[in-house]
Amino acid sequence: MAQHTLSVLVENKPGVLTRVTSLFARRGFNIDSLAVGVTEDPTLSRITIVVGGDDTPIEQVTKQLHKLINVIKIQDLDAGSMVDRELVLFKVSAPPDRRHEIIEIANVFRTKIVDVGKNSVTIEATGAADKLEAMEDLLRAYGIKELARTGKIALSRGLREGPA
Amino acid sequence: MRMIGGKALVQALEDAGVDVVFGYPGGVALPIFDALYDSTSVRSILPRHEQGATHMADGYARVMGRPAAVIVTSGPGATNTVTGIANAYMDSIPMVVFSAQVATPVIGTDAFQESDITGITVPITKHNYLVKDPAELPEVIAEAFHIASTGRPGPVLVDVPADVSKAEITYKWPAAVNLPGYKPTYRGHARQIKQAAQMIAKARKPLLYAGGGVLASGAWAELKELAELMQIPVAATLMGKGAFPEDHHLFLGMPGMHGPKFVNYALTETDLLIAVGVRFDDRVTGKLSSFASRAKVIHIDIDPAEIGKNKPVDVPIVGDAKLVLAAIVSELRKTASEPRTEAWMRVVDDWRARYPLHYQHSGDIVMPQFVVERVRELTKDRPTVIATEVGQNQMWSCQYTRIREPRTWVSSGGLGTMGFGLPAAIGAQVGRPEHLVVDIAGDGSIQMNSQEMATASIEKLPVKVVVLNNGFLGMVRQWQELFYEHRYASSVLAQDCPDFVKLGEAYGWHGERVTCPDDLDGALGRAFDHDGPAIVDCRVSGEENVYPMVAPGGSIDEMLGGIPGGPVSEMLDGELLTEVWE
């Protein structure tokens, strides 16, 4: 079962997200990640959906999505031709004597400390899935108190310029 | 022009060319009904239940090829339309349902008679709207009718809050609709059309598999032209009945679970399946892996999501059946293609002669199949619409009627909605006042919407109901007999309760009972000639089964009942087929 990243351009209207997500539920798909936001055109939103499934059912659900009146365009992005990012906030247990180690890890991963509390630090990390997973693994040793992620967003890569 | 929302809604119906509304009023719907009261061009019909309203609009659309409107109130009025909307959605029938809604400030507060009908109907509508800005009303209504009746047709729901229908707006009917996310493809891909034509020209054992899409697109003339030009036999699904004249020598019958054996044999043996406006429904295909397994498949459909959904396709053609079939015919004419199906037709005709539909005649007991045959014969020379309920009555009607005119067959296909037939017949009668409209019913189904008998009387719609009264939920009983050791759990009705003749009389209908085959013609004749609605209670053989039958999940050439024979591999006429294969 492969992971698919669907980039769905929709009209920015109430209820559209429900139509899209309920279609996945109705056809038996579990959405792994979902991110929505307005695009450069305020009348349009982009929904980025990560979903696991074999090619044939994914093709069917994509065709069904196309039939929604509010859906303008769908791209099934493949790993080689997209840039994808996700933002994660980690609130990590950090007693004063271990705070340094955690800040060190944050630096190594080129992420930002956005909040420091008496017993915790909060790290803002962006990147591709493998980097975020590696970071999560390391931080788990210190105790992750809370974690929030935006869900993956992605765009297709621009064509490389150069001589034909 | 300035007017209130309710008036604008009715004005929009007139501008959309709607001539009939099936509407049931209620509290928050009153501004709309008040405006409807003044309309001179829109006929308003009051059903006795909102479900009836939707099936009436459905029956109307099936015979007219264009949508009627349904108007209901909020809450229970809206939720009562759900079955009718789902039915229209499954069968791709155009319809626009207007539900009144509680006023916008109280939406979401569990107000009296509030229900989230747009939320409820998302999976069963082609699209739906909750109108919050009164100014958008004309545009939304124009879009609703456009979406319902173009592309693959279907129901659209428009939810209109009470404050929206009371607000004053400036009315302007939009000249065009602009929906960036909705652009149906009508013209098929030229190269694929060419490829399809080449395959058709070469095929020795082609078969046309025609469905509701042919009727939706009005493609019956093109279908006939293609079939006759290349001498290709035609199997029409339940939804496609009437798409091809059923008295034509190239017409085979309905494929699938209760199709005649020879139709399923042809489907199993064909080398080129030309599927037009069909969706390879499980009731047609049976076990998918053995369905048309020797054939290349051309699939023509306006909905790209149907192509390849159930069955892999060799030549997919997304487009309107009428345009695509016409293009294929013109390609075949250009290449001066000639039919090569003479031997194939002999095989098919041989099967047709050996494995016809069959039932045991009786001189004492009224056989249900006999009733359908007599309805067929007695209506032969007059324009007739046949509606059915759902169950055995429907399957026998499929098997024993001969529909010759497109859009004169009204039956619930995908959803299989009991209680559909009577209100749908009433809607059909509204559209086709000159036609004799006959609902072939079962004693179970008819009781699900029998309250609409009042609508027929009061609106002077002279529909005829022929009840195949066997005292059972017949199809349920049949399955229990075959697959549940004759344990008739909750499927036993009573032939004499209700007394359908008295029920008819209570509603001002003509009513008759038939208990003996000799009396059948007289009773049917009197009912059909009666100038008002009539019901004929035919007390038929109680435990008759619909045969032949493909067991659920089985291959379609392995059928129970009927004349012994099959599966195909065991009963091929060697000599004839050798000729086809050579």
# chains A, B, ... in the order shown; residues from 1 in each chain; ligands from 1
call {"tool": "residues_around", "arguments": {"residues": "region 85-101 of chain A", "least_positions_apart": "3", "cutoff": "8 Å", "atoms": "only C-alpha atoms", "output": "ChimeraX atom specification"}}
result
/A:104-105,118-129,132,139,142-154
call {"tool": "interface_residues", "arguments": {"of": "chain B", "to": "chain A", "cutoff": "9 Å", "atoms": "only C-alpha atoms", "output": "ChimeraX atom specification"}}
result
/B:119,122-123,126-127,147,179-182,303-306,308-309
call {"tool": "write_last_selection", "arguments": {"atoms": "all heavy atoms", "output": "tab-separated table (two decimals), in the first residue's frame"}}
result
chain	number	residue	atom	x	y	z
B	119	GLY	N	-26.13	18.61	5.33
B	119	GLY	CA	-25.18	17.62	5.84
B	119	GLY	C	-25.66	16.20	5.54
B	119	GLY	O	-24.89	15.35	5.10
B	122	VAL	N	-25.33	15.19	1.67
B	122	VAL	CA	-24.07	15.26	0.91
B	122	VAL	C	-23.79	13.98	0.11
B	122	VAL	O	-23.52	14.04	-1.09
B	122	VAL	CB	-22.87	15.63	1.82
B	122	VAL	CG1	-21.54	15.26	1.18
B	122	VAL	CG2	-22.89	17.12	2.13
B	123	PRO	N	-23.90	12.81	0.72
B	123	PRO	CA	-23.54	11.62	-0.07
B	123	PRO	C	-24.60	11.17	-1.08
B	123	PRO	O	-24.36	10.26	-1.85
B	123	PRO	CB	-23.35	10.52	0.99
B	123	PRO	CG	-23.79	11.06	2.28
B	123	PRO	CD	-24.18	12.49	2.12
B	126	LYS	N	-26.01	15.20	-6.13
B	126	LYS	CA	-24.91	15.57	-7.00
B	126	LYS	C	-24.23	16.82	-6.42
B	126	LYS	O	-23.02	16.98	-6.49
B	126	LYS	CB	-25.45	15.83	-8.41
B	126	LYS	CG	-24.40	15.96	-9.46
B	126	LYS	CD	-25.00	15.93	-10.85
B	126	LYS	CE	-23.98	16.40	-11.89
B	126	LYS	NZ	-24.58	16.56	-13.22
B	127	HIS	N	-25.05	17.69	-5.84
B	127	HIS	CA	-24.53	18.86	-5.16
B	127	HIS	C	-25.65	19.40	-4.29
B	127	HIS	O	-26.82	19.11	-4.54
B	127	HIS	CB	-24.09	19.92	-6.17
B	127	HIS	CG	-23.26	21.02	-5.56
B	127	HIS	ND1	-22.16	20.77	-4.79
B	127	HIS	CD2	-23.37	22.36	-5.61
B	127	HIS	CE1	-21.62	21.92	-4.39
B	127	HIS	NE2	-22.35	22.90	-4.88
B	147	ILE	N	-26.81	21.90	-12.89
B	147	ILE	CA	-26.08	20.73	-12.41
B	147	ILE	C	-26.95	19.48	-12.48
B	147	ILE	O	-26.51	18.42	-12.90
B	147	ILE	CB	-25.57	20.97	-10.97
B	147	ILE	CG1	-24.48	22.05	-10.97
B	147	ILE	CG2	-25.04	19.68	-10.34
B	147	ILE	CD1	-24.11	22.56	-9.58
B	179	LEU	N	-19.40	27.69	-13.39
B	179	LEU	CA	-18.94	26.75	-12.38
B	179	LEU	C	-17.58	26.21	-12.80
B	179	LEU	O	-17.50	25.27	-13.59
B	179	LEU	CB	-19.95	25.60	-12.24
B	179	LEU	CG	-21.33	25.97	-11.72
B	179	LEU	CD1	-22.34	24.89	-12.06
B	179	LEU	CD2	-21.28	26.18	-10.22
B	180	PRO	N	-16.51	26.82	-12.26
B	180	PRO	CA	-15.18	26.42	-12.71
B	180	PRO	C	-14.85	24.94	-12.44
B	180	PRO	O	-14.05	24.34	-13.15
B	180	PRO	CB	-14.24	27.35	-11.92
B	180	PRO	CG	-15.07	27.96	-10.84
B	180	PRO	CD	-16.49	27.91	-11.28
B	181	GLY	N	-15.48	24.37	-11.42
B	181	GLY	CA	-15.17	22.97	-11.08
B	181	GLY	C	-16.11	21.98	-11.73
B	181	GLY	O	-16.10	20.80	-11.38
B	182	TYR	N	-16.95	22.43	-12.66
B	182	TYR	CA	-17.94	21.52	-13.25
B	182	TYR	C	-17.98	21.70	-14.75
B	182	TYR	O	-18.57	22.65	-15.26
B	182	TYR	CB	-19.32	21.79	-12.64
B	182	TYR	CG	-20.43	20.93	-13.22
B	182	TYR	CD1	-20.47	19.56	-12.95
B	182	TYR	CD2	-21.41	21.47	-14.03
B	182	TYR	CE1	-21.47	18.77	-13.48
B	182	TYR	CE2	-22.42	20.69	-14.56
B	182	TYR	CZ	-22.43	19.34	-14.29
B	182	TYR	OH	-23.44	18.55	-14.82
B	303	ASP	N	-19.53	9.76	-17.19
B	303	ASP	CA	-18.90	9.88	-15.88
B	303	ASP	C	-17.58	9.11	-15.87
B	303	ASP	O	-17.58	7.88	-15.85
B	303	ASP	CB	-19.85	9.34	-14.81
B	303	ASP	CG	-19.25	9.45	-13.41
B	303	ASP	OD1	-18.10	9.89	-13.28
B	303	ASP	OD2	-19.96	9.08	-12.45
B	304	PRO	N	-16.45	9.83	-15.89
B	304	PRO	CA	-15.16	9.13	-15.94
B	304	PRO	C	-14.96	8.18	-14.76
B	304	PRO	O	-14.22	7.19	-14.88
B	304	PRO	CB	-14.12	10.26	-15.89
B	304	PRO	CG	-14.85	11.54	-15.82
B	304	PRO	CD	-16.32	11.30	-15.84
B	305	ALA	N	-15.62	8.45	-13.63
B	305	ALA	CA	-15.44	7.60	-12.46
B	305	ALA	C	-16.07	6.22	-12.66
B	305	ALA	O	-15.75	5.29	-11.93
B	305	ALA	CB	-16.03	8.27	-11.23
B	306	GLU	N	-16.97	6.07	-13.62
B	306	GLU	CA	-17.57	4.76	-13.85
B	306	GLU	C	-16.68	3.86	-14.70
B	306	GLU	O	-16.83	2.65	-14.70
B	306	GLU	CB	-18.94	4.90	-14.54
B	306	GLU	CG	-20.03	5.41	-13.62
B	306	GLU	CD	-20.22	4.57	-12.36
B	306	GLU	OE1	-19.80	3.40	-12.34
B	306	GLU	OE2	-20.79	5.09	-11.39
B	308	GLY	N	-13.83	1.71	-15.73
B	308	GLY	CA	-12.80	0.95	-15.03
B	308	GLY	C	-13.08	0.76	-13.55
B	308	GLY	O	-12.25	0.23	-12.83
B	309	LYS	N	-14.24	1.22	-13.07
B	309	LYS	CA	-14.54	1.10	-11.64
B	309	LYS	C	-14.65	-0.36	-11.22
B	309	LYS	O	-14.04	-0.78	-10.23
B	309	LYS	CB	-15.84	1.84	-11.31
B	309	LYS	CG	-16.18	1.85	-9.82
B	309	LYS	CD	-17.47	2.60	-9.52
B	309	LYS	CE	-18.70	1.73	-9.76
B	309	LYS	NZ	-19.95	2.40	-9.38
call {"tool": "residues_around", "arguments": {"residues": "Gly553 (chain B)", "least_positions_apart": "4", "cutoff": "12 Å", "atoms": "only C-alpha atoms", "output": "PyMOL selection string"}}
result
chain B and resi 256-257+282-291+549+557-559
call {"tool": "select_by_dssp", "arguments": {"residues": "region 427-561 of chain B", "states": "strand (DSSP E)", "output": "VMD selection string"}}
result
chain B and resid 436 to 442 464 to 469 510 to 514 534 to 539 549 to 550 559 to 560
call {"tool": "atom_distance", "arguments": {"atom1": "CA of Lys311 (chain B)", "atom2": "CA of Leu223 (chain B)"}}
result
22.0 Å
call {"tool": "select_by_dssp", "arguments": {"residues": "region 47-121 of chain A", "states": "helix (DSSP H, G or I)", "output": "PDB file with N, CA and C atoms, in the first residue's frame"}}
result
ATOM      1  N   ASP A  55      -3.115   1.747  -5.934  1.00  0.00           N
ATOM      2  CA  ASP A  55      -3.332   2.719  -7.007  1.00  0.00           C
ATOM      3  C   ASP A  55      -4.767   2.741  -7.522  1.00  0.00           C
ATOM      4  N   THR A  56      -5.379   1.558  -7.682  1.00  0.00           N
ATOM      5  CA  THR A  56      -6.719   1.521  -8.282  1.00  0.00           C
ATOM      6  C   THR A  56      -7.765   2.210  -7.396  1.00  0.00           C
ATOM      7  N   PRO A  57      -7.859   1.859  -6.113  1.00  0.00           N
ATOM      8  CA  PRO A  57      -8.821   2.603  -5.286  1.00  0.00           C
ATOM      9  C   PRO A  57      -8.503   4.085  -5.166  1.00  0.00           C
ATOM     10  N   ILE A  58      -7.216   4.440  -5.162  1.00  0.00           N
ATOM     11  CA  ILE A  58      -6.864   5.872  -5.100  1.00  0.00           C
ATOM     12  C   ILE A  58      -7.334   6.574  -6.369  1.00  0.00           C
ATOM     13  N   GLU A  59      -7.186   5.898  -7.501  1.00  0.00           N
ATOM     14  CA  GLU A  59      -7.631   6.490  -8.763  1.00  0.00           C
ATOM     15  C   GLU A  59      -9.150   6.693  -8.716  1.00  0.00           C
ATOM     16  N   GLN A  60      -9.864   5.710  -8.161  1.00  0.00           N
ATOM     17  CA  GLN A  60     -11.319   5.811  -8.068  1.00  0.00           C
ATOM     18  C   GLN A  60     -11.727   6.971  -7.155  1.00  0.00           C
ATOM     19  N   VAL A  61     -11.067   7.089  -6.011  1.00  0.00           N
ATOM     20  CA  VAL A  61     -11.459   8.151  -5.086  1.00  0.00           C
ATOM     21  C   VAL A  61     -11.103   9.521  -5.689  1.00  0.00           C
ATOM     22  N   THR A  62     -10.034   9.561  -6.465  1.00  0.00           N
ATOM     23  CA  THR A  62      -9.660  10.809  -7.131  1.00  0.00           C
ATOM     24  C   THR A  62     -10.719  11.196  -8.164  1.00  0.00           C
ATOM     25  N   LYS A  63     -11.173  10.204  -8.907  1.00  0.00           N
ATOM     26  CA  LYS A  63     -12.229  10.487  -9.898  1.00  0.00           C
ATOM     27  C   LYS A  63     -13.510  10.958  -9.212  1.00  0.00           C
ATOM     28  N   GLN A  64     -13.815  10.352  -8.073  1.00  0.00           N
ATOM     29  CA  GLN A  64     -15.015  10.769  -7.348  1.00  0.00           C
ATOM     30  C   GLN A  64     -14.848  12.200  -6.819  1.00  0.00           C
ATOM     31  N   LEU A  65     -13.617  12.508  -6.367  1.00  0.00           N
ATOM     32  CA  LEU A  65     -13.337  13.871  -5.890  1.00  0.00           C
ATOM     33  C   LEU A  65     -13.551  14.890  -7.000  1.00  0.00           C
ATOM     34  N   HIS A  66     -13.118  14.520  -8.207  1.00  0.00           N
ATOM     35  CA  HIS A  66     -13.278  15.402  -9.352  1.00  0.00           C
ATOM     36  C   HIS A  66     -14.745  15.751  -9.583  1.00  0.00           C
ATOM     37  N   ALA A  79       6.762  11.562  -5.083  1.00  0.00           N
ATOM     38  CA  ALA A  79       7.850  12.018  -4.211  1.00  0.00           C
ATOM     39  C   ALA A  79       8.948  12.749  -4.978  1.00  0.00           C
ATOM     40  N   GLY A  80       9.236  12.295  -6.180  1.00  0.00           N
ATOM     41  CA  GLY A  80      10.344  12.876  -6.936  1.00  0.00           C
ATOM     42  C   GLY A  80      10.063  14.274  -7.452  1.00  0.00           C
ATOM     43  N   SER A  81       8.811  14.610  -7.623  1.00  0.00           N
ATOM     44  CA  SER A  81       8.516  15.870  -8.303  1.00  0.00           C
ATOM     45  C   SER A  81       7.763  16.859  -7.419  1.00  0.00           C
ATOM     46  N   PRO A  96      16.131  21.917  34.284  1.00  0.00           N
ATOM     47  CA  PRO A  96      17.246  22.825  34.000  1.00  0.00           C
ATOM     48  C   PRO A  96      18.545  22.109  33.661  1.00  0.00           C
ATOM     49  N   ASP A  97      18.838  20.980  34.311  1.00  0.00           N
ATOM     50  CA  ASP A  97      20.130  20.332  34.070  1.00  0.00           C
ATOM     51  C   ASP A  97      20.207  19.626  32.702  1.00  0.00           C
ATOM     52  N   ARG A  98      19.097  19.422  32.045  1.00  0.00           N
ATOM     53  CA  ARG A  98      19.163  18.747  30.744  1.00  0.00           C
ATOM     54  C   ARG A  98      18.784  19.681  29.584  1.00  0.00           C
ATOM     55  N   ARG A  99      18.442  20.899  29.930  1.00  0.00           N
ATOM     56  CA  ARG A  99      17.957  21.847  28.917  1.00  0.00           C
ATOM     57  C   ARG A  99      18.975  22.017  27.791  1.00  0.00           C
ATOM     58  N   HIS A 100      20.251  22.068  28.171  1.00  0.00           N
ATOM     59  CA  HIS A 100      21.308  22.281  27.178  1.00  0.00           C
ATOM     60  C   HIS A 100      21.330  21.223  26.099  1.00  0.00           C
ATOM     61  N   GLU A 101      21.198  19.974  26.544  1.00  0.00           N
ATOM     62  CA  GLU A 101      21.230  18.867  25.570  1.00  0.00           C
ATOM     63  C   GLU A 101      20.135  19.038  24.532  1.00  0.00           C
ATOM     64  N   ILE A 102      18.961  19.433  25.021  1.00  0.00           N
ATOM     65  CA  ILE A 102      17.827  19.552  24.111  1.00  0.00           C
ATOM     66  C   ILE A 102      18.036  20.709  23.138  1.00  0.00           C
ATOM     67  N   ILE A 103      18.564  21.805  23.670  1.00  0.00           N
ATOM     68  CA  ILE A 103      18.834  22.950  22.791  1.00  0.00           C
ATOM     69  C   ILE A 103      19.870  22.566  21.742  1.00  0.00           C
ATOM     70  N   GLU A 104      20.807  21.746  22.139  1.00  0.00           N
ATOM     71  CA  GLU A 104      21.831  21.243  21.221  1.00  0.00           C
ATOM     72  C   GLU A 104      21.185  20.459  20.067  1.00  0.00           C
ATOM     73  N   ILE A 105      20.283  19.561  20.436  1.00  0.00           N
ATOM     74  CA  ILE A 105      19.586  18.769  19.414  1.00  0.00           C
ATOM     75  C   ILE A 105      18.825  19.700  18.464  1.00  0.00           C
ATOM     76  N   ALA A 106      18.159  20.678  19.061  1.00  0.00           N
ATOM     77  CA  ALA A 106      17.388  21.614  18.235  1.00  0.00           C
ATOM     78  C   ALA A 106      18.300  22.327  17.246  1.00  0.00           C
ATOM     79  N   ASN A 107      19.460  22.677  17.682  1.00  0.00           N
ATOM     80  CA  ASN A 107      20.403  23.360  16.796  1.00  0.00           C
ATOM     81  C   ASN A 107      20.902  22.457  15.685  1.00  0.00           C
ATOM     82  N   VAL A 108      21.236  21.231  16.069  1.00  0.00           N
ATOM     83  CA  VAL A 108      21.732  20.283  15.068  1.00  0.00           C
ATOM     84  C   VAL A 108      20.712  20.125  13.938  1.00  0.00           C
TER      85      VAL A 108
END
call {"tool": "closest_residue", "arguments": {"among": "A:Asn12, A:Thr43, A:Gln3, A:Ser156", "to": "Asp84 (chain A)", "atoms": "only C-alpha atoms"}}
result
A:Ser156
call {"tool": "residues_around", "arguments": {"residues": "His4 (chain A)", "least_positions_apart": "3", "cutoff": "10 Å", "atoms": "only C-alpha atoms", "output": "PyMOL selection string"}}
result
chain A and resi 1+7+32+49-55+58+76-79
